[in-house]
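What follows is a short report on a single structure.
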Amino acid sequence: MALSQCISLFTENKEEKYMPDAAFLVNESGYHGSPDFPVAIYLDDVSHQYVNWHWHEEFEIGFVIEGTVIIGCGNRKYRLECGDIFFVNSNVLHSMHKDSSASQAIFKSIAFHSSLISESINSIFYSKYLLPILTNSYFRECIFRKDFDSYQDLLELLSTIWNLVYTETPEYEMQVRNGLSTLF
């Protein structure tokens, strides 16, 4: 599977030029990953490009590996430093770009469909762990900084999941699913 190309990556920041014109908003329909394994990883360098406003059915979680990234979620913006972790809920409008004071802005992310954790809406996994997040209109995003109690464990888990998808080791699909389930 390796790395996927972000379809919302552009060389100009359409947010600044065209907001609130919705013509540039992208619904990334289809699959992140494949129908039988709906997970994809991204390594996005937004030092000279922008991930413009878009949304998708998948959850997205990631972390900044270099520089400073601005993430917009709806009408809120967050300045993420190297090491900060972000979570974007399903169907939430979001964008990413470099902070104007930074020279670099690079992040890794994982986009995955909830069906990877639970394929059935009748499952305890869906009703107890996924549904409360998917249906909470107030829980659009979450930022985890280095002072978060379980920060190091969370960063290690995300790094492991990202690397498993990147290297496609034997049985990586099961390990990725287990890791994502651990997140919830």
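Each chain of the structure tokens is named A, B, ... in the order shown, its residues numbered from 1; ligands are numbered from 1 in display order.
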
Using only C-alpha atoms, which residues of region 21-140 of chain A come within 10 Å of region 161-171 of chain A, and what is the closest atom pair for each, with the distance in Å to one decimal? Give it as CSV, sorted by chain and residue number.
residue,atom,partner,partner_atom,distance
A:Val39,CA,A:Val165,CA,8.3
A:Ala40,CA,A:Val165,CA,7.6
A:Ile41,CA,A:Trp162,CA,6.4
A:Tyr42,CA,A:Trp162,CA,8.7
A:Leu43,CA,A:Trp162,CA,9.8
A:Gly62,CA,A:Trp162,CA,9.0
A:Lys108,CA,A:Trp162,CA,7.9
A:Ser109,CA,A:Trp162,CA,7.6
A:Ile110,CA,A:Trp162,CA,6.7

Worksheet item: What's the 7 Å shell around region 95-107 of chain A, counting only C-alpha atoms, without same-chain residues fewer than 2 positions away, as a PyMOL selection string?
Response: chain A and resi 43-47+50-54+62-73+109

Worksheet item: Out of A:Cys142, A:Leu116, A:Ala111, A:Ile61, which residue has the shortest atom-to-atom distance to Tyr78 (chain A) when counting only C-alpha atoms?
Response: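 The shortest atom-to-atom distance to Tyr78 (chain A) comes from A:Cys142.
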
Worksheet entry | Contact residues around Gly74 (chain A) with only C-alpha atoms at 8 Å, ignoring same-chain residues under 3 positions, as a ChimeraX atom specification | /A:92-94

If DSSP is run on the backbone, what residues of chain A are strand (DSSP E)? A reply as a PDB file with N, CA and C atoms, in the first residue's frame would be ideal.
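Resulting contents of result38.pdb:
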ATOM      1  N   LEU A   9      -3.970  18.446  -2.079  1.00  0.00           N
ATOM      2  CA  LEU A   9      -2.730  19.212  -1.981  1.00  0.00           C
ATOM      3  C   LEU A   9      -2.605  20.144  -3.186  1.00  0.00           C
ATOM      4  N   PHE A  10      -2.437  21.445  -2.919  1.00  0.00           N
ATOM      5  CA  PHE A  10      -2.346  22.453  -3.963  1.00  0.00           C
ATOM      6  C   PHE A  10      -1.140  23.351  -3.724  1.00  0.00           C
ATOM      7  N   VAL A  26     -13.376  20.091  -1.287  1.00  0.00           N
ATOM      8  CA  VAL A  26     -13.313  18.779  -1.913  1.00  0.00           C
ATOM      9  C   VAL A  26     -13.884  17.731  -0.976  1.00  0.00           C
ATOM     10  N   ASN A  27     -14.842  16.978  -1.476  1.00  0.00           N
ATOM     11  CA  ASN A  27     -15.302  15.805  -0.752  1.00  0.00           C
ATOM     12  C   ASN A  27     -14.502  14.643  -1.305  1.00  0.00           C
ATOM     13  N   VAL A  39      -7.601   1.904   4.847  1.00  0.00           N
ATOM     14  CA  VAL A  39      -6.664   2.731   5.598  1.00  0.00           C
ATOM     15  C   VAL A  39      -5.584   3.210   4.631  1.00  0.00           C
ATOM     16  N   ALA A  40      -5.177   4.453   4.783  1.00  0.00           N
ATOM     17  CA  ALA A  40      -4.114   5.011   3.939  1.00  0.00           C
ATOM     18  C   ALA A  40      -3.232   5.897   4.817  1.00  0.00           C
ATOM     19  N   ILE A  41      -1.974   5.974   4.448  1.00  0.00           N
ATOM     20  CA  ILE A  41      -1.046   6.845   5.169  1.00  0.00           C
ATOM     21  C   ILE A  41      -0.562   7.945   4.242  1.00  0.00           C
ATOM     22  N   TYR A  42      -0.220   9.072   4.855  1.00  0.00           N
ATOM     23  CA  TYR A  42       0.223  10.233   4.101  1.00  0.00           C
ATOM     24  C   TYR A  42       1.449  10.839   4.774  1.00  0.00           C
ATOM     25  N   LEU A  43       2.342  11.331   3.952  1.00  0.00           N
ATOM     26  CA  LEU A  43       3.480  12.132   4.400  1.00  0.00           C
ATOM     27  C   LEU A  43       3.389  13.412   3.592  1.00  0.00           C
ATOM     28  N   ASP A  44       2.853  14.455   4.210  1.00  0.00           N
ATOM     29  CA  ASP A  44       2.583  15.694   3.488  1.00  0.00           C
ATOM     30  C   ASP A  44       3.530  16.800   3.922  1.00  0.00           C
ATOM     31  N   ASP A  45       4.191  17.370   2.942  1.00  0.00           N
ATOM     32  CA  ASP A  45       5.057  18.525   3.156  1.00  0.00           C
ATOM     33  C   ASP A  45       4.282  19.745   2.684  1.00  0.00           C
ATOM     34  N   TYR A  50      -0.408  23.482   0.146  1.00  0.00           N
ATOM     35  CA  TYR A  50      -1.490  23.541   1.111  1.00  0.00           C
ATOM     36  C   TYR A  50      -2.383  22.327   0.924  1.00  0.00           C
ATOM     37  N   VAL A  51      -2.867  21.794   2.030  1.00  0.00           N
ATOM     38  CA  VAL A  51      -3.956  20.826   1.951  1.00  0.00           C
ATOM     39  C   VAL A  51      -5.212  21.665   2.137  1.00  0.00           C
ATOM     40  N   ASN A  52      -5.879  21.948   1.029  1.00  0.00           N
ATOM     41  CA  ASN A  52      -7.031  22.841   1.062  1.00  0.00           C
ATOM     42  C   ASN A  52      -8.244  22.168   1.698  1.00  0.00           C
ATOM     43  N   TRP A  53      -9.240  22.979   1.956  1.00  0.00           N
ATOM     44  CA  TRP A  53     -10.432  22.523   2.655  1.00  0.00           C
ATOM     45  C   TRP A  53     -11.046  21.309   1.977  1.00  0.00           C
ATOM     46  N   HIS A  54     -11.263  20.270   2.768  1.00  0.00           N
ATOM     47  CA  HIS A  54     -11.852  19.029   2.260  1.00  0.00           C
ATOM     48  C   HIS A  54     -12.453  18.263   3.438  1.00  0.00           C
ATOM     49  N   TRP A  55     -13.194  17.233   3.122  1.00  0.00           N
ATOM     50  CA  TRP A  55     -13.721  16.334   4.138  1.00  0.00           C
ATOM     51  C   TRP A  55     -13.819  14.947   3.537  1.00  0.00           C
ATOM     52  N   PHE A  59     -11.899   8.747   9.508  1.00  0.00           N
ATOM     53  CA  PHE A  59     -11.221   9.470  10.575  1.00  0.00           C
ATOM     54  C   PHE A  59      -9.827   9.799  10.060  1.00  0.00           C
ATOM     55  N   GLU A  60      -9.219  10.850  10.575  1.00  0.00           N
ATOM     56  CA  GLU A  60      -7.822  11.145  10.238  1.00  0.00           C
ATOM     57  C   GLU A  60      -7.087  11.511  11.519  1.00  0.00           C
ATOM     58  N   ILE A  61      -5.954  10.878  11.706  1.00  0.00           N
ATOM     59  CA  ILE A  61      -5.129  11.164  12.877  1.00  0.00           C
ATOM     60  C   ILE A  61      -3.680  11.233  12.418  1.00  0.00           C
ATOM     61  N   GLY A  62      -2.936  12.156  12.982  1.00  0.00           N
ATOM     62  CA  GLY A  62      -1.548  12.303  12.550  1.00  0.00           C
ATOM     63  C   GLY A  62      -0.745  13.154  13.510  1.00  0.00           C
ATOM     64  N   PHE A  63       0.487  13.436  13.103  1.00  0.00           N
ATOM     65  CA  PHE A  63       1.396  14.187  13.955  1.00  0.00           C
ATOM     66  C   PHE A  63       2.405  14.944  13.111  1.00  0.00           C
ATOM     67  N   VAL A  64       2.803  16.090  13.609  1.00  0.00           N
ATOM     68  CA  VAL A  64       3.768  16.944  12.924  1.00  0.00           C
ATOM     69  C   VAL A  64       5.164  16.384  13.172  1.00  0.00           C
ATOM     70  N   ILE A  65       5.944  16.224  12.085  1.00  0.00           N
ATOM     71  CA  ILE A  65       7.301  15.692  12.250  1.00  0.00           C
ATOM     72  C   ILE A  65       8.378  16.743  12.033  1.00  0.00           C
ATOM     73  N   GLU A  66       7.988  17.888  11.453  1.00  0.00           N
ATOM     74  CA  GLU A  66       8.959  18.962  11.264  1.00  0.00           C
ATOM     75  C   GLU A  66       8.241  20.294  11.100  1.00  0.00           C
ATOM     76  N   GLY A  67       8.742  21.313  11.784  1.00  0.00           N
ATOM     77  CA  GLY A  67       8.208  22.656  11.624  1.00  0.00           C
ATOM     78  C   GLY A  67       6.904  22.885  12.355  1.00  0.00           C
ATOM     79  N   VAL A  69       2.650  23.479  11.676  1.00  0.00           N
ATOM     80  CA  VAL A  69       1.518  23.306  10.765  1.00  0.00           C
ATOM     81  C   VAL A  69       0.294  23.978  11.380  1.00  0.00           C
ATOM     82  N   ILE A  70      -0.460  24.679  10.552  1.00  0.00           N
ATOM     83  CA  ILE A  70      -1.751  25.225  10.961  1.00  0.00           C
ATOM     84  C   ILE A  70      -2.822  24.279  10.430  1.00  0.00           C
ATOM     85  N   ILE A  71      -3.650  23.791  11.328  1.00  0.00           N
ATOM     86  CA  ILE A  71      -4.769  22.943  10.913  1.00  0.00           C
ATOM     87  C   ILE A  71      -6.055  23.725  11.176  1.00  0.00           C
ATOM     88  N   GLY A  72      -6.878  23.788  10.158  1.00  0.00           N
ATOM     89  CA  GLY A  72      -8.183  24.411  10.300  1.00  0.00           C
ATOM     90  C   GLY A  72      -9.234  23.328  10.347  1.00  0.00           C
ATOM     91  N   CYS A  73     -10.148  23.423  11.279  1.00  0.00           N
ATOM     92  CA  CYS A  73     -11.280  22.495  11.387  1.00  0.00           C
ATOM     93  C   CYS A  73     -12.529  23.339  11.580  1.00  0.00           C
ATOM     94  N   ARG A  76     -12.374  26.788  13.446  1.00  0.00           N
ATOM     95  CA  ARG A  76     -11.278  26.830  14.423  1.00  0.00           C
ATOM     96  C   ARG A  76      -9.947  26.525  13.746  1.00  0.00           C
ATOM     97  N   LYS A  77      -8.892  27.153  14.264  1.00  0.00           N
ATOM     98  CA  LYS A  77      -7.543  26.914  13.757  1.00  0.00           C
ATOM     99  C   LYS A  77      -6.621  26.604  14.927  1.00  0.00           C
ATOM    100  N   TYR A  78      -5.674  25.699  14.670  1.00  0.00           N
ATOM    101  CA  TYR A  78      -4.713  25.298  15.686  1.00  0.00           C
ATOM    102  C   TYR A  78      -3.309  25.385  15.107  1.00  0.00           C
ATOM    103  N   ARG A  79      -2.397  25.854  15.907  1.00  0.00           N
ATOM    104  CA  ARG A  79      -0.985  25.914  15.529  1.00  0.00           C
ATOM    105  C   ARG A  79      -0.303  24.696  16.148  1.00  0.00           C
ATOM    106  N   LEU A  80       0.133  23.780  15.299  1.00  0.00           N
ATOM    107  CA  LEU A  80       0.740  22.535  15.761  1.00  0.00           C
ATOM    108  C   LEU A  80       2.254  22.587  15.588  1.00  0.00           C
ATOM    109  N   ILE A  85      -0.034  16.096  18.034  1.00  0.00           N
ATOM    110  CA  ILE A  85      -0.890  15.086  17.405  1.00  0.00           C
ATOM    111  C   ILE A  85      -2.273  15.696  17.168  1.00  0.00           C
ATOM    112  N   PHE A  86      -2.886  15.347  16.034  1.00  0.00           N
ATOM    113  CA  PHE A  86      -4.238  15.832  15.734  1.00  0.00           C
ATOM    114  C   PHE A  86      -5.144  14.673  15.374  1.00  0.00           C
ATOM    115  N   PHE A  87      -6.419  14.824  15.679  1.00  0.00           N
ATOM    116  CA  PHE A  87      -7.453  13.878  15.296  1.00  0.00           C
ATOM    117  C   PHE A  87      -8.575  14.674  14.653  1.00  0.00           C
ATOM    118  N   VAL A  88      -9.037  14.248  13.476  1.00  0.00           N
ATOM    119  CA  VAL A  88     -10.160  14.882  12.792  1.00  0.00           C
ATOM    120  C   VAL A  88     -11.244  13.826  12.634  1.00  0.00           C
ATOM    121  N   HIS A  94     -11.757  20.261   6.936  1.00  0.00           N
ATOM    122  CA  HIS A  94     -10.462  20.632   7.501  1.00  0.00           C
ATOM    123  C   HIS A  94      -9.455  20.973   6.409  1.00  0.00           C
ATOM    124  N   SER A  95      -8.395  21.680   6.814  1.00  0.00           N
ATOM    125  CA  SER A  95      -7.315  22.072   5.900  1.00  0.00           C
ATOM    126  C   SER A  95      -6.022  22.139   6.699  1.00  0.00           C
ATOM    127  N   MET A  96      -4.888  22.206   5.978  1.00  0.00           N
ATOM    128  CA  MET A  96      -3.585  22.305   6.628  1.00  0.00           C
ATOM    129  C   MET A  96      -2.641  23.127   5.780  1.00  0.00           C
ATOM    130  N   HIS A  97      -1.858  23.944   6.460  1.00  0.00           N
ATOM    131  CA  HIS A  97      -0.843  24.719   5.755  1.00  0.00           C
ATOM    132  C   HIS A  97       0.253  25.104   6.734  1.00  0.00           C
ATOM    133  N   LYS A  98       1.310  25.679   6.223  1.00  0.00           N
ATOM    134  CA  LYS A  98       2.463  26.079   7.021  1.00  0.00           C
ATOM    135  C   LYS A  98       2.144  27.346   7.787  1.00  0.00           C
ATOM    136  N   ALA A 105       7.074  22.578   7.255  1.00  0.00           N
ATOM    137  CA  ALA A 105       5.810  22.092   7.813  1.00  0.00           C
ATOM    138  C   ALA A 105       5.514  20.729   7.203  1.00  0.00           C
ATOM    139  N   ILE A 106       5.838  19.687   7.944  1.00  0.00           N
ATOM    140  CA  ILE A 106       5.681  18.318   7.444  1.00  0.00           C
ATOM    141  C   ILE A 106       4.945  17.497   8.498  1.00  0.00           C
ATOM    142  N   PHE A 107       3.968  16.719   8.045  1.00  0.00           N
ATOM    143  CA  PHE A 107       3.247  15.857   8.982  1.00  0.00           C
ATOM    144  C   PHE A 107       2.963  14.501   8.348  1.00  0.00           C
ATOM    145  N   LYS A 108       2.788  13.516   9.214  1.00  0.00           N
ATOM    146  CA  LYS A 108       2.362  12.180   8.815  1.00  0.00           C
ATOM    147  C   LYS A 108       0.937  12.010   9.303  1.00  0.00           C
ATOM    148  N   SER A 109       0.123  11.325   8.501  1.00  0.00           N
ATOM    149  CA  SER A 109      -1.246  11.071   8.940  1.00  0.00           C
ATOM    150  C   SER A 109      -1.730   9.704   8.474  1.00  0.00           C
ATOM    151  N   ILE A 110      -2.781   9.263   9.151  1.00  0.00           N
ATOM    152  CA  ILE A 110      -3.427   7.989   8.854  1.00  0.00           C
ATOM    153  C   ILE A 110      -4.916   8.289   8.692  1.00  0.00           C
ATOM    154  N   ALA A 111      -5.478   7.932   7.558  1.00  0.00           N
ATOM    155  CA  ALA A 111      -6.919   8.069   7.330  1.00  0.00           C
ATOM    156  C   ALA A 111      -7.494   6.654   7.281  1.00  0.00           C
ATOM    157  N   PHE A 112      -8.537   6.418   8.070  1.00  0.00           N
ATOM    158  CA  PHE A 112      -9.100   5.068   8.103  1.00  0.00           C
ATOM    159  C   PHE A 112     -10.599   5.128   8.336  1.00  0.00           C
ATOM    160  N   GLU A 141     -12.710  17.740  16.289  1.00  0.00           N
ATOM    161  CA  GLU A 141     -11.264  17.547  16.254  1.00  0.00           C
ATOM    162  C   GLU A 141     -10.741  17.482  17.681  1.00  0.00           C
ATOM    163  N   CYS A 142      -9.526  17.009  17.788  1.00  0.00           N
ATOM    164  CA  CYS A 142      -8.876  16.946  19.088  1.00  0.00           C
ATOM    165  C   CYS A 142      -7.369  17.100  18.854  1.00  0.00           C
ATOM    166  N   ILE A 143      -6.731  17.899  19.697  1.00  0.00           N
ATOM    167  CA  ILE A 143      -5.296  18.130  19.598  1.00  0.00           C
ATOM    168  C   ILE A 143      -4.641  17.584  20.859  1.00  0.00           C
ATOM    169  N   PHE A 144      -3.578  16.815  20.683  1.00  0.00           N
ATOM    170  CA  PHE A 144      -2.821  16.263  21.805  1.00  0.00           C
ATOM    171  C   PHE A 144      -1.417  16.854  21.761  1.00  0.00           C
TER     172      PHE A 144
END

Worksheet entry | Selected residue, from A:Asn91, A:Gly179, A:Ile133, A:Ile124, that lies nearest to Ser159 (chain A) when counting only C-alpha atoms | A:Gly179

Worksheet item: Between CA of Leu130 (chain A) and CA of Ile117 (chain A), what is the distance, to one decimal in Å?
Response: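 Answer for the CA of Leu130 (chain A) to CA of Ile117 (chain A) separation: 8.4 Å.
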
Item to complete: Report the distance between CA of Ser114 (chain A) and CA of Asp149 (chain A) in Å, rounded to one decimal place.
Response: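 Result for CA of Ser114 (chain A) versus CA of Asp149 (chain A): 25.4 Å, one decimal.
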
Worksheet item: A:Asp153, A:Glu173, A:Glu58, A:Asp147: which is nearest Ser115 (chain A), counting only C-alpha atoms?
Response: A:Glu58

Discussion item. Given only C-alpha atoms as the basis, pick out the residue of A:Ser137, A:Ser90, A:Pro38, A:Tyr126 nearest to Val176 (chain A).
Written reply: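 Of A:Ser137, A:Ser90, A:Pro38, A:Tyr126, the one nearest Val176 (chain A) is A:Pro38, counting only C-alpha atoms.
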
Worksheet item: At what distance in Å, to one decimal, does CA of Leu183 (chain A) lie from CA of Asn122 (chain A)?
Response: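 CA of Asn122 (chain A) sits 20.5 Å away from CA of Leu183 (chain A).
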
Discussion item. Taking only chain A into account, list the residues labelled helix (DSSP H, G or I) by DSSP (computed from the backbone), as a PyMOL selection string.
Written reply: chain A and resi 14-18+22-24+114-116+124-134+151-167+172-183
